[in-house]
Amino acid sequence: MAKKFIIEGGRYLKGEIRIRGAKNAVTKQMVAALSAPGKSVLTNVPEIGDVEITRGILASLGCVIEHRQDEGVLEIDAANLSTPVVPRQYSGLNRIPILLAGVLLHRFGRAGIPMMGGCDIGPRPVDFHLEGFRALGADIEYRDGAYHFTAKRLRGARVTLPFPSVGATENLMMAAATAQGTTEIRNAAIEPEIVDLALFLQGMGAIITQETDRTWSIQGVDSLHPATHRVINDRIEAASFAVSAIATRGDVLIRGADQLHMLTFLNWLRKAGGEFEMVEDGIRFCGMHSKLKPIAVETGVHPGLMTDWQQPLVILLTQAEGMSVIHETVYENRFGYAETLNRMGARIQLYSECLGGRDCRFRQLGHKHSAVIMGPTPLTGAHIEIPDLRAGFSYLVAAVLAKGRTEISGVQYIERGYDRVVEKFRQLGVPISVEQS
């Protein structure tokens, strides 16, 4: 049954919320738990759709999983895996199946992985994953809509990624943890969520070192053991609510917001005129007296401005005085939501040119990956269909800002990645209702 959110806008956010574990960390750690027979425990687990999807995938492989949602605890017993083949029904739901290749090779010597899914933000091929596994000694064949991996035991190798892919780095890290010999992953991603995965694997008995120049060194061990790990807090959710507070001229205390992991975001927020202060166990974001200013910014891999912070920033910049520019260098189709915002009153123009100085993979390829935002522009309510996860939260912010009533469909995208989002907006004073259709 389809669900939609109804929001009466023209509100400001005020109050306090607490965020929990990161979507981009917890699902990868659920996969890593399969490397060790026995029961691993994850705490600080969010209530999100991607956790439930991943839970279903792991259960189909023979895992016994208990999720105590109120406590944020997930127990994963991987003692009796029954199959190395991910069922076809999980093809297209998210990006998790490809990340199972290494752990299933370790447990079975083979793995069957269906085609990938996830948000429609541009092609996300698995070439980097496949070439990395071939370097580690896996044989890979594609047939009948699935990738089939085989290897008696992976061997350590030196792998240089063409781009610091988060998924490929995570996949190869998990695979290398039990490979024979030492693996170097060069030009790798180094996001906090990847560091958190490394910490979990280390707790399971892996030997992992973060070297200089975006390099991970993994000395393979014969086996891993179960472990207990607290999932890192979600810096994307924290930034999204931070922008909501400032754009609506509100005052919100976000418990669990981590200054270290939000360093780059906070700098750009301050450059745009947003005000905030550090408090014990969180950050307070105050928009009542903020004088929003235009900025020119580019997204990039960590420690740059992450691409998942781009969408809420666009909403903020619709309320800034003057012309702002955002150059997207990570995904070529990340501005698909701009047309809807323009229907609500925003003035956003997209360009295929690279409006920035960063070396960009999309130069002269025709992708509209630069945006010019003119502000301030009042927004008005509308009927909205969500195209992807991060755009979905931005539509929520826009709906709160907008005068009048907004109906948002496709809310399953939001629920995939944001923990108890309706409850949190209500805590902050937003009249939001949920309707089934």
# chains A, B, ... in the order shown; residues from 1 in each chain; ligands from 1
call {"tool": "closest_atom_pairs", "arguments": {"of": "stretch 298-334 of chain A", "to": "stretch 243-249 of chain A", "cutoff": "12 Å", "atoms": "only C-alpha atoms", "output": "CSV"}}
result
residue,atom,partner,partner_atom,distance
A:Trp309,CA,A:Val243,CA,9.5
A:Gln310,CA,A:Val243,CA,10.8
A:Gln311,CA,A:Val243,CA,10.0
A:Pro312,CA,A:Val243,CA,6.3
A:Leu313,CA,A:Val243,CA,6.8
A:Val314,CA,A:Val243,CA,9.6
A:Ile315,CA,A:Ala247,CA,7.5
A:Leu316,CA,A:Ala247,CA,5.2
A:Leu317,CA,A:Ala247,CA,8.4
A:Thr318,CA,A:Ala247,CA,8.8
A:Gln319,CA,A:Ala247,CA,6.8
A:Ala320,CA,A:Ala247,CA,9.0
call {"tool": "residues_around", "arguments": {"residues": "A:Arg55", "least_positions_apart": "4", "cutoff": "12 Å", "atoms": "only C-alpha atoms", "output": "PyMOL selection string"}}
result
chain A and resi 26-31+33-34+47-51+59-67+74-78+90+96-97
call {"tool": "write_last_selection", "arguments": {"atoms": "C-alpha atoms", "output": "short mmCIF file (atom, residue, chain, number, x, y, z; two decimals), in the first residue's frame"}}
result
data_model
loop_
_atom_site.label_atom_id
_atom_site.label_comp_id
_atom_site.auth_asym_id
_atom_site.auth_seq_id
_atom_site.Cartn_x
_atom_site.Cartn_y
_atom_site.Cartn_z
CA VAL A 26 25.33 -0.16 9.55
CA THR A 27 24.36 -2.12 6.43
CA LYS A 28 28.03 -2.73 5.52
CA GLN A 29 28.75 -3.92 9.06
CA MET A 30 25.79 -6.29 8.86
CA VAL A 31 27.49 -7.82 5.81
CA ALA A 33 29.30 -9.97 10.39
CA LEU A 34 28.95 -12.90 7.95
CA GLU A 47 15.12 2.09 12.26
CA ILE A 48 15.42 2.42 8.48
CA GLY A 49 14.27 0.51 5.43
CA ASP A 50 17.77 -0.41 4.28
CA VAL A 51 18.43 -2.25 7.55
CA ALA A 59 18.26 -14.17 6.49
CA SER A 60 17.88 -15.66 3.00
CA LEU A 61 21.49 -16.86 3.29
CA GLY A 62 20.84 -18.63 6.59
CA CYS A 63 21.56 -15.93 9.18
CA VAL A 64 19.45 -15.76 12.32
CA ILE A 65 18.83 -12.11 13.13
CA GLU A 66 17.18 -10.41 16.06
CA HIS A 67 16.50 -6.68 15.80
CA LEU A 74 20.94 -5.99 16.09
CA GLU A 75 22.18 -9.51 16.78
CA ILE A 76 23.46 -11.41 13.73
CA ASP A 77 24.15 -15.12 14.12
CA ALA A 78 26.08 -16.28 11.04
CA TYR A 90 16.84 -8.88 -3.91
CA ILE A 96 24.20 -4.50 -0.65
CA PRO A 97 24.31 -7.75 -2.71
#
call {"tool": "select_by_dssp", "arguments": {"residues": "stretch 185-357 of chain A", "states": "strand (DSSP E)", "output": "PyMOL selection string"}}
result
chain A and resi 185-186+207-211+215-219+228-230+251-255+275-279+282-286+296-298+322-327+347-351
call {"tool": "residues_around", "arguments": {"residues": "stretch 218-231 of chain A", "least_positions_apart": "6", "cutoff": "6 Å", "atoms": "only C-alpha atoms", "output": "JSON list (two decimals) with C-alpha atoms, in the first residue's frame"}}
result
[["chain", "number", "residue", "atom", "x", "y", "z"],
["A", 21, "GLY", "CA", 23.65, 5.00, 13.51],
["A", 36, "ALA", "CA", 32.70, -14.93, 11.32],
["A", 38, "GLY", "CA", 28.75, -17.03, 15.54],
["A", 39, "LYS", "CA", 26.81, -14.06, 16.90],
["A", 40, "SER", "CA", 27.97, -10.49, 16.33],
["A", 41, "VAL", "CA", 26.13, -7.56, 17.90],
["A", 42, "LEU", "CA", 25.65, -4.06, 16.48],
["A", 43, "THR", "CA", 24.35, -1.26, 18.69],
["A", 44, "ASN", "CA", 23.10, 2.26, 17.88],
["A", 176, "ALA", "CA", 41.12, -8.81, 1.95],
["A", 177, "ALA", "CA", 40.61, -9.31, 5.69],
["A", 178, "THR", "CA", 40.72, -13.10, 5.22],
["A", 179, "ALA", "CA", 42.78, -13.27, 2.00],
["A", 180, "GLN", "CA", 46.18, -14.95, 1.99],
["A", 181, "GLY", "CA", 48.90, -12.31, 2.27],
["A", 182, "THR", "CA", 48.74, -8.53, 2.33],
["A", 183, "THR", "CA", 46.46, -6.32, 0.23],
["A", 203, "GLY", "CA", 37.39, -5.99, 16.54],
["A", 204, "MET", "CA", 36.69, -9.27, 14.71],
["A", 205, "GLY", "CA", 40.41, -10.00, 14.47],
["A", 207, "ILE", "CA", 44.72, -6.43, 10.76],
["A", 208, "ILE", "CA", 43.95, -3.16, 8.95]]
call {"tool": "closest_residue", "arguments": {"among": "A:Gly156, A:Pro192, A:Gly112, A:Gly102", "to": "A:Asn171", "atoms": "only C-alpha atoms"}}
result
A:Gly102
call {"tool": "residues_around", "arguments": {"residues": "A:Val166", "least_positions_apart": "2", "cutoff": "8 Å", "atoms": "only C-alpha atoms", "output": "mmCIF file with N, CA and C atoms, in the first residue's frame"}}
result
data_model
loop_
_atom_site.group_PDB
_atom_site.id
_atom_site.type_symbol
_atom_site.label_atom_id
_atom_site.label_comp_id
_atom_site.auth_asym_id
_atom_site.auth_seq_id
_atom_site.Cartn_x
_atom_site.Cartn_y
_atom_site.Cartn_z
ATOM 1 N N PRO A 164 38.072 7.018 -6.007
ATOM 2 C CA PRO A 164 37.929 6.553 -4.614
ATOM 3 C C PRO A 164 36.511 6.104 -4.287
ATOM 4 N N ALA A 168 33.456 0.044 -3.531
ATOM 5 C CA ALA A 168 34.563 -0.831 -3.917
ATOM 6 C C ALA A 168 35.587 -0.938 -2.797
ATOM 7 N N THR A 169 35.867 0.173 -2.119
ATOM 8 C CA THR A 169 36.808 0.137 -0.998
ATOM 9 C C THR A 169 36.304 -0.784 0.099
ATOM 10 N N GLU A 170 35.029 -0.649 0.460
ATOM 11 C CA GLU A 170 34.453 -1.490 1.515
ATOM 12 C C GLU A 170 34.492 -2.966 1.118
ATOM 13 N N ALA A 188 41.962 4.879 -2.447
ATOM 14 C CA ALA A 188 40.764 4.342 -1.804
ATOM 15 C C ALA A 188 39.941 5.453 -1.160
ATOM 16 N N ALA A 189 38.692 5.134 -0.874
ATOM 17 C CA ALA A 189 37.843 6.035 -0.100
ATOM 18 C C ALA A 189 38.236 5.952 1.376
ATOM 19 N N ILE A 190 38.100 7.078 2.078
ATOM 20 C CA ILE A 190 38.516 7.135 3.490
ATOM 21 C C ILE A 190 37.439 7.783 4.358
ATOM 22 N N GLU A 191 36.180 7.704 3.909
ATOM 23 C CA GLU A 191 35.079 8.287 4.663
ATOM 24 C C GLU A 191 35.004 7.733 6.084
ATOM 25 N N ILE A 194 33.791 4.233 6.411
ATOM 26 C CA ILE A 194 34.748 3.186 6.054
ATOM 27 C C ILE A 194 35.708 2.937 7.214
#
call {"tool": "residues_around", "arguments": {"residues": "A:Gly322", "least_positions_apart": "2", "cutoff": "12 Å", "atoms": "only C-alpha atoms", "output": "PDB file with N, CA and C atoms, in the first residue's frame"}}
result
ATOM      1  N   ALA A 272      27.996  30.182   4.528  1.00  0.00           N
ATOM      2  CA  ALA A 272      26.685  30.582   4.013  1.00  0.00           C
ATOM      3  C   ALA A 272      25.880  31.385   5.029  1.00  0.00           C
ATOM      4  N   LYS A 291      22.106  35.441   8.724  1.00  0.00           N
ATOM      5  CA  LYS A 291      21.991  36.210   7.481  1.00  0.00           C
ATOM      6  C   LYS A 291      22.610  35.368   6.375  1.00  0.00           C
ATOM      7  N   LEU A 292      21.743  34.676   5.639  1.00  0.00           N
ATOM      8  CA  LEU A 292      22.214  33.703   4.667  1.00  0.00           C
ATOM      9  C   LEU A 292      22.837  34.382   3.455  1.00  0.00           C
ATOM     10  N   LYS A 293      24.011  33.885   3.070  1.00  0.00           N
ATOM     11  CA  LYS A 293      24.801  34.473   1.988  1.00  0.00           C
ATOM     12  C   LYS A 293      25.054  33.438   0.905  1.00  0.00           C
ATOM     13  N   PRO A 294      25.230  33.880  -0.344  1.00  0.00           N
ATOM     14  CA  PRO A 294      25.524  32.930  -1.419  1.00  0.00           C
ATOM     15  C   PRO A 294      26.934  32.372  -1.285  1.00  0.00           C
ATOM     16  N   ILE A 295      27.119  31.144  -1.792  1.00  0.00           N
ATOM     17  CA  ILE A 295      28.427  30.508  -1.795  1.00  0.00           C
ATOM     18  C   ILE A 295      28.632  29.807  -3.127  1.00  0.00           C
ATOM     19  N   ALA A 296      29.875  29.509  -3.439  1.00  0.00           N
ATOM     20  CA  ALA A 296      30.224  28.670  -4.588  1.00  0.00           C
ATOM     21  C   ALA A 296      30.998  27.486  -4.042  1.00  0.00           C
ATOM     22  N   LEU A 317      20.256  27.410   0.163  1.00  0.00           N
ATOM     23  CA  LEU A 317      20.707  28.497  -0.716  1.00  0.00           C
ATOM     24  C   LEU A 317      19.561  29.153  -1.472  1.00  0.00           C
ATOM     25  N   THR A 318      18.404  28.488  -1.542  1.00  0.00           N
ATOM     26  CA  THR A 318      17.241  29.175  -2.125  1.00  0.00           C
ATOM     27  C   THR A 318      16.788  30.325  -1.231  1.00  0.00           C
ATOM     28  N   GLN A 319      17.249  30.321   0.030  1.00  0.00           N
ATOM     29  CA  GLN A 319      16.878  31.385   0.968  1.00  0.00           C
ATOM     30  C   GLN A 319      18.015  32.371   1.213  1.00  0.00           C
ATOM     31  N   ALA A 320      19.138  32.204   0.492  1.00  0.00           N
ATOM     32  CA  ALA A 320      20.281  33.115   0.638  1.00  0.00           C
ATOM     33  C   ALA A 320      20.110  34.317  -0.286  1.00  0.00           C
ATOM     34  N   SER A 324      24.193  31.564  -5.877  1.00  0.00           N
ATOM     35  CA  SER A 324      25.095  30.518  -5.413  1.00  0.00           C
ATOM     36  C   SER A 324      25.346  29.512  -6.526  1.00  0.00           C
ATOM     37  N   VAL A 325      26.469  28.822  -6.434  1.00  0.00           N
ATOM     38  CA  VAL A 325      26.842  27.821  -7.433  1.00  0.00           C
ATOM     39  C   VAL A 325      27.265  26.543  -6.714  1.00  0.00           C
ATOM     40  N   ARG A 347      14.507  29.163  -7.894  1.00  0.00           N
ATOM     41  CA  ARG A 347      15.092  29.563  -9.179  1.00  0.00           C
ATOM     42  C   ARG A 347      16.453  28.876  -9.293  1.00  0.00           C
ATOM     43  N   VAL A 372      23.105  26.661 -10.562  1.00  0.00           N
ATOM     44  CA  VAL A 372      23.126  28.062 -10.120  1.00  0.00           C
ATOM     45  C   VAL A 372      21.795  28.325  -9.426  1.00  0.00           C
ATOM     46  N   ILE A 373      21.876  28.772  -8.178  1.00  0.00           N
ATOM     47  CA  ILE A 373      20.681  29.001  -7.363  1.00  0.00           C
ATOM     48  C   ILE A 373      20.568  30.482  -7.055  1.00  0.00           C
ATOM     49  N   MET A 374      19.438  31.080  -7.436  1.00  0.00           N
ATOM     50  CA  MET A 374      19.175  32.487  -7.129  1.00  0.00           C
ATOM     51  C   MET A 374      18.250  32.572  -5.922  1.00  0.00           C
ATOM     52  N   GLY A 375      18.600  33.448  -4.988  1.00  0.00           N
ATOM     53  CA  GLY A 375      17.769  33.588  -3.805  1.00  0.00           C
ATOM     54  C   GLY A 375      17.723  35.033  -3.330  1.00  0.00           C
ATOM     55  N   PRO A 376      16.873  35.317  -2.367  1.00  0.00           N
ATOM     56  CA  PRO A 376      15.951  34.368  -1.745  1.00  0.00           C
ATOM     57  C   PRO A 376      14.655  34.233  -2.544  1.00  0.00           C
ATOM     58  N   THR A 377      14.060  33.068  -2.515  1.00  0.00           N
ATOM     59  CA  THR A 377      12.795  32.827  -3.212  1.00  0.00           C
ATOM     60  C   THR A 377      11.815  32.172  -2.254  1.00  0.00           C
TER      61      THR A 377
END
